[in-house]
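Shown next: work-v4.txt, given as compact mmCIF, C-alpha atoms and all ligand atoms.
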# COMPACT_ATOMS: atom_id res chain seq x y z
CA MET A 1 -18.96 -28.03 -6.00
CA SER A 2 -16.52 -25.78 -4.13
CA ASP A 3 -16.51 -25.39 -0.33
CA ALA A 4 -16.38 -21.61 -0.66
CA LEU A 5 -18.77 -19.65 1.54
CA LEU A 6 -17.98 -16.43 -0.28
CA GLU A 7 -16.88 -16.14 -3.87
CA ALA A 8 -16.33 -13.18 -6.18
CA ARG A 9 -16.53 -14.09 -9.86
CA ASN A 10 -15.37 -11.58 -12.44
CA LEU A 11 -16.38 -8.75 -10.13
CA SER A 12 -16.00 -5.25 -11.57
CA VAL A 13 -17.06 -1.90 -10.16
CA ARG A 14 -16.92 1.37 -12.05
CA PHE A 15 -17.83 4.87 -10.96
CA PRO A 16 -19.32 7.39 -13.37
CA VAL A 17 -17.23 10.52 -12.97
CA ARG A 18 -17.49 14.05 -14.24
CA ALA A 19 -16.37 14.07 -17.82
CA ARG A 20 -13.15 15.69 -18.86
CA GLY A 21 -12.94 17.32 -22.27
CA TRP A 22 -16.09 17.32 -24.40
CA GLY A 23 -18.70 16.15 -21.93
CA LYS A 24 -18.33 12.48 -22.80
CA LYS A 25 -19.38 10.14 -20.02
CA ALA A 26 -16.26 8.87 -18.26
CA TYR A 27 -15.83 5.98 -15.85
CA LEU A 28 -13.23 5.04 -13.30
CA THR A 29 -12.96 1.27 -13.02
CA ALA A 30 -11.91 0.72 -9.39
CA VAL A 31 -12.28 -3.07 -9.41
CA ASP A 32 -11.56 -4.83 -12.67
CA ASP A 33 -12.57 -8.45 -13.24
CA VAL A 34 -11.62 -9.72 -9.79
CA SER A 35 -12.22 -13.33 -8.72
CA PHE A 36 -11.47 -14.99 -5.38
CA THR A 37 -12.92 -17.46 -2.92
CA VAL A 38 -13.08 -17.65 0.87
CA LYS A 39 -13.75 -20.98 2.54
CA LYS A 40 -16.11 -21.24 5.49
CA GLY A 41 -14.40 -20.38 8.77
CA GLN A 42 -11.27 -19.07 7.04
CA THR A 43 -9.76 -15.65 6.44
CA LEU A 44 -8.83 -14.19 3.08
CA ALA A 45 -6.67 -11.07 3.32
CA ILE A 46 -6.85 -8.49 0.55
CA VAL A 47 -3.74 -6.31 0.51
CA GLY A 48 -2.48 -3.50 -1.69
CA GLU A 49 -1.52 0.16 -1.54
CA SER A 50 -4.08 2.88 -1.07
CA GLY A 51 -6.23 3.30 -4.19
CA SER A 52 -5.89 -0.30 -5.36
CA GLY A 53 -9.63 -0.92 -5.04
CA LYS A 54 -9.81 -2.86 -1.76
CA THR A 55 -12.59 -0.83 -0.14
CA THR A 56 -14.59 -0.72 -3.35
CA ALA A 57 -14.38 -4.52 -3.63
CA ALA A 58 -15.42 -4.87 0.03
CA LEU A 59 -18.36 -2.53 -0.36
CA ALA A 60 -19.47 -4.33 -3.54
CA ILE A 61 -19.42 -7.64 -1.67
CA ALA A 62 -21.50 -6.11 1.13
CA ARG A 63 -23.88 -4.57 -1.45
CA LEU A 64 -23.00 -1.10 -0.17
CA VAL A 65 -21.06 0.29 -3.12
CA ALA A 66 -22.20 3.42 -4.95
CA GLY A 67 -20.72 2.41 -8.32
CA GLU A 68 -22.00 0.09 -11.04
CA THR A 69 -21.30 -3.55 -10.24
CA THR A 70 -20.96 -6.39 -12.75
CA GLY A 71 -20.03 -10.00 -12.21
CA GLU A 72 -21.18 -12.23 -9.38
CA VAL A 73 -20.77 -12.37 -5.63
CA LEU A 74 -21.81 -15.79 -4.41
CA LEU A 75 -22.78 -16.33 -0.78
CA ASP A 76 -23.17 -20.05 -0.21
CA GLY A 77 -23.46 -20.50 -3.98
CA ARG A 78 -26.12 -17.83 -4.48
CA ASP A 79 -25.48 -14.56 -6.33
CA ILE A 80 -26.26 -11.60 -4.05
CA VAL A 81 -25.72 -8.85 -6.66
CA PRO A 82 -29.32 -8.90 -7.96
CA LEU A 83 -31.06 -9.29 -4.56
CA THR A 84 -33.75 -6.82 -3.44
CA GLY A 85 -36.29 -6.47 -0.62
CA GLU A 86 -36.45 -9.20 2.03
CA GLN A 87 -33.75 -11.26 0.34
CA LEU A 88 -31.35 -8.30 0.43
CA LYS A 89 -32.19 -7.79 4.10
CA ASP A 90 -31.44 -11.43 4.80
CA MET A 91 -28.10 -11.07 3.02
CA ARG A 92 -27.29 -7.99 5.14
CA ARG A 93 -27.88 -10.02 8.28
CA ARG A 94 -25.39 -12.59 6.99
CA VAL A 95 -22.63 -10.22 5.83
CA GLN A 96 -21.46 -7.35 8.06
CA VAL A 97 -18.64 -4.83 7.78
CA ILE A 98 -16.24 -3.36 10.34
CA PHE A 99 -14.77 -0.11 9.09
CA GLN A 100 -11.39 1.48 9.69
CA ASP A 101 -12.31 4.48 11.66
CA PRO A 102 -14.33 3.82 14.79
CA TYR A 103 -14.36 7.58 15.41
CA SER A 104 -16.34 8.46 12.35
CA SER A 105 -18.40 5.30 11.90
CA LEU A 106 -20.15 5.56 15.29
CA ASN A 107 -22.95 8.07 15.77
CA PRO A 108 -21.55 10.48 18.42
CA ARG A 109 -25.00 11.26 19.84
CA ALA A 110 -26.14 7.67 20.36
CA ARG A 111 -25.53 5.60 23.47
CA VAL A 112 -23.30 2.69 22.61
CA GLU A 113 -25.97 0.11 23.54
CA ASP A 114 -28.18 1.65 20.84
CA ILE A 115 -25.28 1.66 18.37
CA VAL A 116 -24.70 -2.04 18.96
CA ARG A 117 -28.38 -2.95 18.62
CA GLU A 118 -29.03 -0.83 15.52
CA PRO A 119 -28.61 -3.69 12.99
CA LEU A 120 -31.02 -5.76 15.11
CA ASP A 121 -33.59 -2.97 14.91
CA ASN A 122 -33.10 -2.46 11.17
CA LEU A 123 -32.74 -6.03 9.98
CA THR A 124 -34.64 -8.25 12.40
CA ASP A 125 -38.00 -8.33 14.18
CA LYS A 126 -36.74 -9.93 17.35
CA PRO A 127 -38.64 -9.08 20.55
CA GLU A 128 -37.24 -6.32 22.77
CA ALA A 129 -36.11 -8.63 25.56
CA GLU A 130 -34.12 -10.81 23.17
CA LYS A 131 -32.42 -7.76 21.63
CA ARG A 132 -31.37 -6.61 25.10
CA GLN A 133 -30.04 -10.02 25.91
CA ILE A 134 -28.03 -10.16 22.66
CA VAL A 135 -26.50 -6.73 23.36
CA ASP A 136 -25.50 -7.85 26.88
CA GLN A 137 -23.87 -11.01 25.52
CA LEU A 138 -22.00 -9.04 22.85
CA PHE A 139 -20.64 -6.54 25.36
CA GLU A 140 -19.18 -9.43 27.28
CA ALA A 141 -17.90 -11.18 24.15
CA VAL A 142 -15.89 -8.14 23.03
CA GLY A 143 -14.53 -7.36 26.51
CA LEU A 144 -16.64 -4.34 27.51
CA ARG A 145 -18.29 -3.97 30.92
CA PRO A 146 -22.11 -3.94 31.27
CA GLU A 147 -22.15 -0.47 32.87
CA GLN A 148 -20.42 0.96 29.78
CA LYS A 149 -23.58 0.37 27.71
CA ARG A 150 -25.08 3.75 28.60
CA LEU A 151 -22.01 5.77 27.64
CA PHE A 152 -21.36 7.69 24.41
CA PRO A 153 -18.59 6.95 21.87
CA HIS A 154 -16.39 9.88 22.93
CA GLN A 155 -16.09 8.33 26.38
CA PHE A 156 -14.12 5.39 24.96
CA SER A 157 -10.56 4.92 23.71
CA GLY A 158 -9.87 4.04 20.05
CA GLY A 159 -9.46 0.34 20.81
CA GLN A 160 -12.67 0.26 22.86
CA ARG A 161 -14.53 2.03 20.09
CA GLN A 162 -13.40 -0.65 17.68
CA ARG A 163 -14.73 -3.23 20.17
CA ILE A 164 -18.09 -1.44 19.95
CA GLY A 165 -17.91 -1.58 16.14
CA ILE A 166 -17.16 -5.30 16.34
CA ALA A 167 -20.07 -5.94 18.74
CA ARG A 168 -22.40 -4.10 16.37
CA ALA A 169 -21.19 -6.10 13.37
CA LEU A 170 -21.82 -9.32 15.30
CA SER A 171 -25.33 -8.44 16.47
CA THR A 172 -27.21 -10.14 13.64
CA ARG A 173 -25.09 -13.29 14.00
CA PRO A 174 -23.49 -12.88 10.56
CA GLU A 175 -21.49 -15.62 8.84
CA VAL A 176 -19.16 -13.27 6.97
CA ILE A 177 -17.39 -10.25 8.46
CA ILE A 178 -15.53 -7.85 6.23
CA CYS A 179 -12.84 -5.97 8.18
CA ASP A 180 -11.80 -2.96 6.12
CA GLU A 181 -8.54 -1.63 7.65
CA ALA A 182 -10.16 -2.47 10.99
CA VAL A 183 -6.96 -2.01 13.00
CA SER A 184 -5.11 0.51 10.81
CA ALA A 185 -6.02 3.54 12.92
CA LEU A 186 -4.84 1.93 16.18
CA ASP A 187 -1.38 1.91 17.72
CA VAL A 188 0.59 -1.33 17.62
CA ALA A 189 -0.22 -2.63 21.12
CA VAL A 190 -3.94 -2.01 20.69
CA GLN A 191 -3.79 -3.50 17.17
CA ALA A 192 -2.52 -6.75 18.67
CA GLN A 193 -5.37 -6.83 21.21
CA ILE A 194 -8.02 -6.27 18.56
CA LEU A 195 -6.46 -8.88 16.24
CA ASN A 196 -6.51 -11.38 19.11
CA LEU A 197 -10.13 -10.55 19.81
CA LEU A 198 -11.05 -11.00 16.13
CA ARG A 199 -9.29 -14.38 16.07
CA ARG A 200 -11.09 -15.56 19.21
CA LEU A 201 -14.47 -14.40 17.90
CA GLN A 202 -13.79 -16.18 14.61
CA LYS A 203 -13.37 -19.44 16.52
CA ASP A 204 -16.25 -18.91 18.93
CA PHE A 205 -18.76 -17.83 16.29
CA GLY A 206 -17.43 -19.81 13.30
CA LEU A 207 -16.91 -16.61 11.32
CA THR A 208 -15.52 -16.24 7.82
CA TYR A 209 -13.39 -13.11 7.38
CA LEU A 210 -12.45 -10.94 4.47
CA PHE A 211 -9.61 -9.01 6.06
CA ILE A 212 -8.53 -5.91 4.19
CA SER A 213 -5.32 -4.05 4.93
CA HIS A 214 -2.64 -2.04 3.15
CA ASP A 215 -0.14 -3.70 5.52
CA LEU A 216 1.10 -7.25 4.85
CA GLY A 217 2.66 -7.23 8.32
CA VAL A 218 -0.79 -6.98 9.91
CA VAL A 219 -2.29 -9.80 7.85
CA GLN A 220 0.58 -12.27 8.19
CA HIS A 221 -0.70 -13.75 11.45
CA MET A 222 -4.33 -13.26 10.62
CA CYS A 223 -5.07 -15.02 7.34
CA ASP A 224 -5.28 -18.39 5.61
CA SER A 225 -4.81 -16.96 2.14
CA VAL A 226 -3.97 -13.62 0.54
CA ALA A 227 -5.08 -11.74 -2.56
CA VAL A 228 -2.76 -8.88 -3.58
CA MET A 229 -4.45 -6.06 -5.50
CA TYR A 230 -2.84 -3.45 -7.73
CA MET A 231 -4.83 -0.82 -9.64
CA GLY A 232 -8.10 -2.75 -9.47
CA LYS A 233 -6.63 -6.14 -10.37
CA VAL A 234 -5.69 -9.17 -8.30
CA VAL A 235 -2.03 -9.73 -9.24
CA GLU A 236 -1.33 -12.64 -6.89
CA HIS A 237 -3.54 -15.01 -4.88
CA ALA A 238 -2.09 -17.78 -2.75
CA ASP A 239 -2.22 -19.60 0.56
CA ARG A 240 -0.50 -17.66 3.33
CA MET A 241 2.64 -19.81 3.52
CA ASP A 242 3.08 -19.85 -0.27
CA LEU A 243 2.68 -16.11 -0.50
CA PHE A 244 5.06 -15.24 2.33
CA ASN A 245 7.68 -17.90 1.47
CA ASN A 246 7.56 -17.68 -2.28
CA PRO A 247 6.14 -14.37 -3.45
CA LEU A 248 6.06 -14.44 -7.24
CA HIS A 249 4.76 -11.08 -8.43
CA PRO A 250 7.36 -8.27 -8.27
CA TYR A 251 4.77 -6.04 -6.59
CA THR A 252 4.15 -8.59 -3.82
CA THR A 253 7.90 -8.96 -3.28
CA ALA A 254 8.25 -5.21 -2.92
CA LEU A 255 5.33 -5.02 -0.46
CA LEU A 256 6.84 -7.88 1.55
CA SER A 257 10.27 -6.32 1.70
CA ALA A 258 8.74 -3.39 3.54
CA VAL A 259 7.41 -5.64 6.32
CA PRO A 260 9.78 -5.55 9.30
CA SER A 261 10.79 -9.06 10.23
CA VAL A 262 10.84 -10.26 13.83
CA ASP A 263 13.63 -12.72 12.98
CA PRO A 264 17.05 -10.96 13.35
CA THR A 265 18.85 -13.09 10.71
CA LEU A 266 16.13 -12.45 8.21
CA ARG A 267 16.23 -8.79 9.14
CA GLU A 268 19.97 -8.64 8.49
CA ASN A 269 19.61 -10.24 5.08
CA ALA A 270 16.76 -8.00 4.22
CA ARG A 271 17.08 -6.22 0.95
CA ARG A 272 14.51 -3.54 0.92
CA ILE A 273 13.06 -3.33 -2.53
CA LEU A 274 11.62 0.09 -3.07
CA ILE A 275 8.80 0.52 -5.49
CA PRO A 276 9.95 3.38 -7.68
CA GLY A 277 7.64 5.80 -9.43
CA ASP A 278 3.94 6.43 -9.11
CA PRO A 279 1.03 4.20 -10.00
CA PRO A 280 -0.52 4.98 -13.39
CA ASP A 281 -3.43 7.40 -13.86
CA PRO A 282 -6.58 5.28 -13.29
CA PHE A 283 -8.20 7.06 -16.26
CA ASN A 284 -5.33 6.18 -18.54
CA LEU A 285 -4.14 2.71 -17.65
CA PRO A 286 -1.38 1.12 -19.71
CA LYS A 287 -2.59 -1.49 -22.16
CA GLY A 288 -0.06 -4.05 -20.98
CA CYS A 289 0.81 -4.86 -17.37
CA ARG A 290 -0.45 -2.18 -14.97
CA PHE A 291 2.73 -2.46 -12.89
CA VAL A 292 5.03 -1.81 -15.86
CA SER A 293 5.93 1.79 -14.91
CA ARG A 294 7.31 0.64 -11.53
CA CYS A 295 8.53 -2.88 -12.18
CA PRO A 296 12.32 -3.41 -11.80
CA VAL A 297 12.34 -6.36 -14.25
CA ALA A 298 9.87 -5.13 -16.88
CA GLN A 299 10.59 -6.18 -20.45
CA ALA A 300 9.41 -4.80 -23.77
CA GLY A 301 6.60 -7.36 -24.03
CA CYS A 302 5.15 -6.21 -20.68
CA HIS A 303 4.01 -2.98 -22.36
CA ASP A 304 2.01 -4.79 -25.03
CA ALA A 305 -0.19 -7.35 -23.33
CA ALA A 306 -1.79 -7.57 -19.88
CA PRO A 307 -0.64 -10.71 -18.08
CA PRO A 308 -3.54 -13.00 -17.15
CA LEU A 309 -3.89 -14.34 -13.58
CA GLU A 310 -2.66 -17.90 -14.02
CA ASP A 311 -2.35 -20.87 -11.70
CA LYS A 312 1.29 -21.82 -11.09
CA GLY A 313 0.37 -24.76 -8.89
CA GLY A 314 -0.50 -24.94 -5.27
CA PRO A 315 -2.96 -23.24 -6.06
CA HIS A 316 -0.81 -20.14 -6.41
CA ARG A 317 -2.12 -17.72 -8.99
CA VAL A 318 -0.06 -14.84 -10.35
CA ALA A 319 -0.36 -12.29 -13.15
CA CYS A 320 3.16 -11.71 -14.52
CA HIS A 321 4.64 -12.58 -17.92
CA LEU A 322 7.95 -13.57 -16.34
CA VAL A 323 6.63 -16.19 -13.94
CA GLY A 324 6.85 -19.53 -15.66
CA ALA A 325 5.47 -22.94 -14.81
CA GLU A 326 8.34 -23.55 -12.35
CA ALA A 327 6.90 -20.72 -10.18
CA GLN A 328 10.09 -18.75 -9.58
CA SER A 329 10.22 -15.08 -8.75
CA PRO A 330 11.50 -13.01 -11.72
CA LEU A 331 13.48 -10.98 -9.18
CA GLY A 332 15.63 -14.01 -8.38
CA VAL A 333 15.67 -16.37 -5.44
CA ASP A 334 17.45 -13.88 -3.13
CA ALA A 335 14.78 -11.27 -3.49
CA ALA A 336 12.03 -13.78 -2.96
CA ALA A 337 13.65 -15.07 0.23
CA ARG A 338 12.37 -11.93 1.67
CA ALA A 339 13.11 -9.45 4.38
N1 LIG B 1 -17.39 6.86 -4.84
C1 LIG B 1 -16.36 6.95 -5.68
N2 LIG B 1 -16.43 7.70 -6.82
C2 LIG B 1 -15.40 7.78 -7.69
N3 LIG B 1 -14.22 7.14 -7.52
C3 LIG B 1 -14.08 6.38 -6.41
C4 LIG B 1 -15.13 6.25 -5.44
N4 LIG B 1 -14.69 5.41 -4.45
C5 LIG B 1 -13.42 5.06 -4.79
N5 LIG B 1 -13.06 5.63 -5.96
C6 LIG B 1 -11.76 5.45 -6.66
O1 LIG B 1 -11.57 4.05 -6.85
C7 LIG B 1 -10.20 3.72 -6.68
C8 LIG B 1 -10.08 2.66 -5.60
O2 LIG B 1 -10.41 3.21 -4.36
P1 LIG B 1 -10.59 2.36 -3.03
O3 LIG B 1 -11.48 1.21 -3.32
O4 LIG B 1 -10.99 3.27 -1.94
O5 LIG B 1 -9.10 1.81 -2.80
P2 LIG B 1 -8.38 1.31 -1.46
O6 LIG B 1 -9.44 0.93 -0.48
O7 LIG B 1 -7.55 0.16 -1.92
O8 LIG B 1 -7.55 2.44 -0.98
C9 LIG B 1 -9.48 5.01 -6.37
O9 LIG B 1 -8.93 5.51 -7.57
C10 LIG B 1 -10.58 5.91 -5.84
O10 LIG B 1 -10.29 7.26 -6.09
S1 LIG B 2 4.37 -8.61 -16.39
FE1 LIG B 2 6.30 -7.52 -16.70
S2 LIG B 2 5.93 -5.47 -15.86
FE2 LIG B 2 4.32 -6.80 -15.10
S3 LIG B 2 5.05 -7.50 -13.14
FE3 LIG B 2 5.66 -9.06 -14.62
S4 LIG B 2 7.71 -8.47 -15.27
FE4 LIG B 2 6.84 -6.70 -14.23
MG MG B 3 -9.68 1.53 1.54
Could I get this structure in the form of structure tokens?
Amino acid sequence: MSDALLEARNLSVRFPVRARGWGKKAYLTAVDDVSFTVKKGQTLAIVGESGSGKTTAALAIARLVAGETTGEVLLDGRDIVPLTGEQLKDMRRRVQVIFQDPYSSLNPRARVEDIVREPLDNLTDKPEAEKRQIVDQLFEAVGLRPEQKRLFPHQFSGGQRQRIGIARALSTRPEVIICDEAVSALDVAVQAQILNLLRRLQKDFGLTYLFISHDLGVVQHMCDSVAVMYMGKVVEHADRMDLFNNPLHPYTTALLSAVPSVDPTLRENARRILIPGDPPDPFNLPKGCRFVSRCPVAQAGCHDAAPPLEDKGGPHRVACHLVGAEAQSPLGVDAAARA
């Protein structure tokens, strides 16, 4: 029995798209056979460039995705993919999402107290007085003043709006919070405040986070483990220290080299590894490794067969033909001792 609170098993999501050519039904597979686990009270970061399938995976886990989902999403050991009716409602109380853009995800015509209590109205039948009390507590918990309850979203700054989004996500006392680029739209100083708030709330409420970002720099102080996604696939999945100290997949190494280091010696030694070229067309993926068109160490065999995600010990899983059992980066030790 694992101690995972949240687990994706062979999760795939595909979108039916308008056919090209002769009217054949076409699909875009945005998430392709993805598996990961998040332990109770911990944070798993999912990182990858735009278009790698992070949001689609998040929405599938929250049962909010428009595409066709296969595989399993286990919450406390129970698959939530087939749930309907009251059971689905119960799951929605337990798993909440904070989106990137507080500007567009808050109804501009609603008072923020009503925005925060909306999930309580939709998903619970708590008495009015209790709902009011919960909203008051949440305003305090996220650092907003009581008199701000009657204001409208446009009367708040970006960081404050994200605090409102966080209060709303917390209103049903969820166990799992999915943060999808939750701080990406904010400037660096405000980002740090919101990350601190999220960390404090995690401790106070015993929350389990799925923390999604295109930026490894943002997740490095925020997570216990990391899953790196590329073109719908998890290419590397490891504990935070393993991933940052010994990145094995060439894509992870390239992402890491773009993270500015706070340590001046490391910064001096930094060798920025640029990722050349464009990602492949999602409708016409290569049959071998999906990273082959951009990989600086690709070999002939990489074109022929897709590398499976394999455990190299730790547990540190990676999908690359050139990573052997000794778990060394194919880019060499220098490149792995990163920027
Ligand atoms: N509703 C949709 N219909 C069709 N394609 C979609 C839809 N949502 C996302 N996609 C496609 O799925 C892929 C992954 O997108 P997304 O999950 O948003 O990635 P990320 O969040 O990592 O930027 C992209 O190619 C995107 O165009
Ligand atoms: S399998 Fe080959 S192309 Fe893919 S990341 Fe590894 S070395 Fe590069
Ligand atoms: Mg996204």
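Taking only C-alpha atoms and all ligand atoms into account, every polymer residue with at least one atom at most 7 Å away from ligand MG 3 (chain B) is listed here: Ser50, Gly51, Lys54, Thr55, Asp180 and Glu181 of chain A.
Counting only C-alpha atoms, the residue from A:Asp114, A:Glu147, A:Glu72, A:Asp242 that sits nearest to Val135 of chain A is A:Asp114.
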As JSON, what would the box around ligand LIG 1 (chain B) look like: edges along x, y and z, 3 Å added on every side, centre and edge lengths in Å to one decimal?
{"center_x": -12.5, "center_y": 4.0, "center_z": -4.1, "size_x": 15.8, "size_y": 13.6, "size_z": 13.2}
Near-ligand residues for ligand LIG 1 (chain B), threshold 9 Å, all atoms listed in the file, as an MDAnalysis selection string
chainID A and resid 13:17 27:31 47:59 65:67 180:181 212:214 229:232 281:283
List as a PyMOL selection string the protein and nucleic acid residues lying within 6 Å of ligand LIG 2 (chain B), with all atoms listed in the file counted.
chain A and resi 249-250+289+291-292+295+297-299+302+307+320-322
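With only C-alpha atoms as the atoms that count, the minimum distance from Thr37 of chain A to the choices A:Gly143, A:Gly288, A:Pro330, A:Pro315 is reached by A:Pro315.
Atom CA of Gly85 of chain A is found 28.8 Å from atom CA of Leu44 of chain A.
Considering only C-alpha atoms, the residue among A:Val323, A:Leu331, A:Arg200, A:Leu285 positioned nearest to Ala254 of chain A is A:Leu331.
Minimum atom-to-atom distances from A:Ala4, A:Arg63, A:Tyr251, A:Ile166 to Thr84 of chain A were compared using only C-alpha atoms, and the lowest value belongs to A:Arg63.
Nearest-residue note for Gln191 of chain A: choosing from A:Val73, A:Val226, A:Arg163, A:Lys89, the minimum distance belongs to A:Arg163, counting only C-alpha atoms.
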For a cut-off of 12 Å around (-26.8, 3.3, 14.0), file coordinates, pick out all residues using only C-alpha atoms and list them as a VMD selection string.
chain A and resid 104 to 123 153 164 to 165 168 to 169
Taking all atoms listed in the file into account, which of A:Ala319, A:Ser171, A:Asp304, A:Arg150 comes nearest Gln133 of chain A?
A:Ser171
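Relative to atom CA of Arg240 of chain A, atom CA of Ala189 of chain A is found at 23.3 Å.
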Show me, as a ChimeraX atom specification, the residues that have an atom within 6 Å of Ala238 of chain A when counting all atoms listed in the file, minus same-chain residues fewer than 2 positions from it.
/A:225-226,243,316
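Interatomic distance, atom CA of Ala306 of chain A to atom CA of Arg294 of chain A: 14.8 Å.
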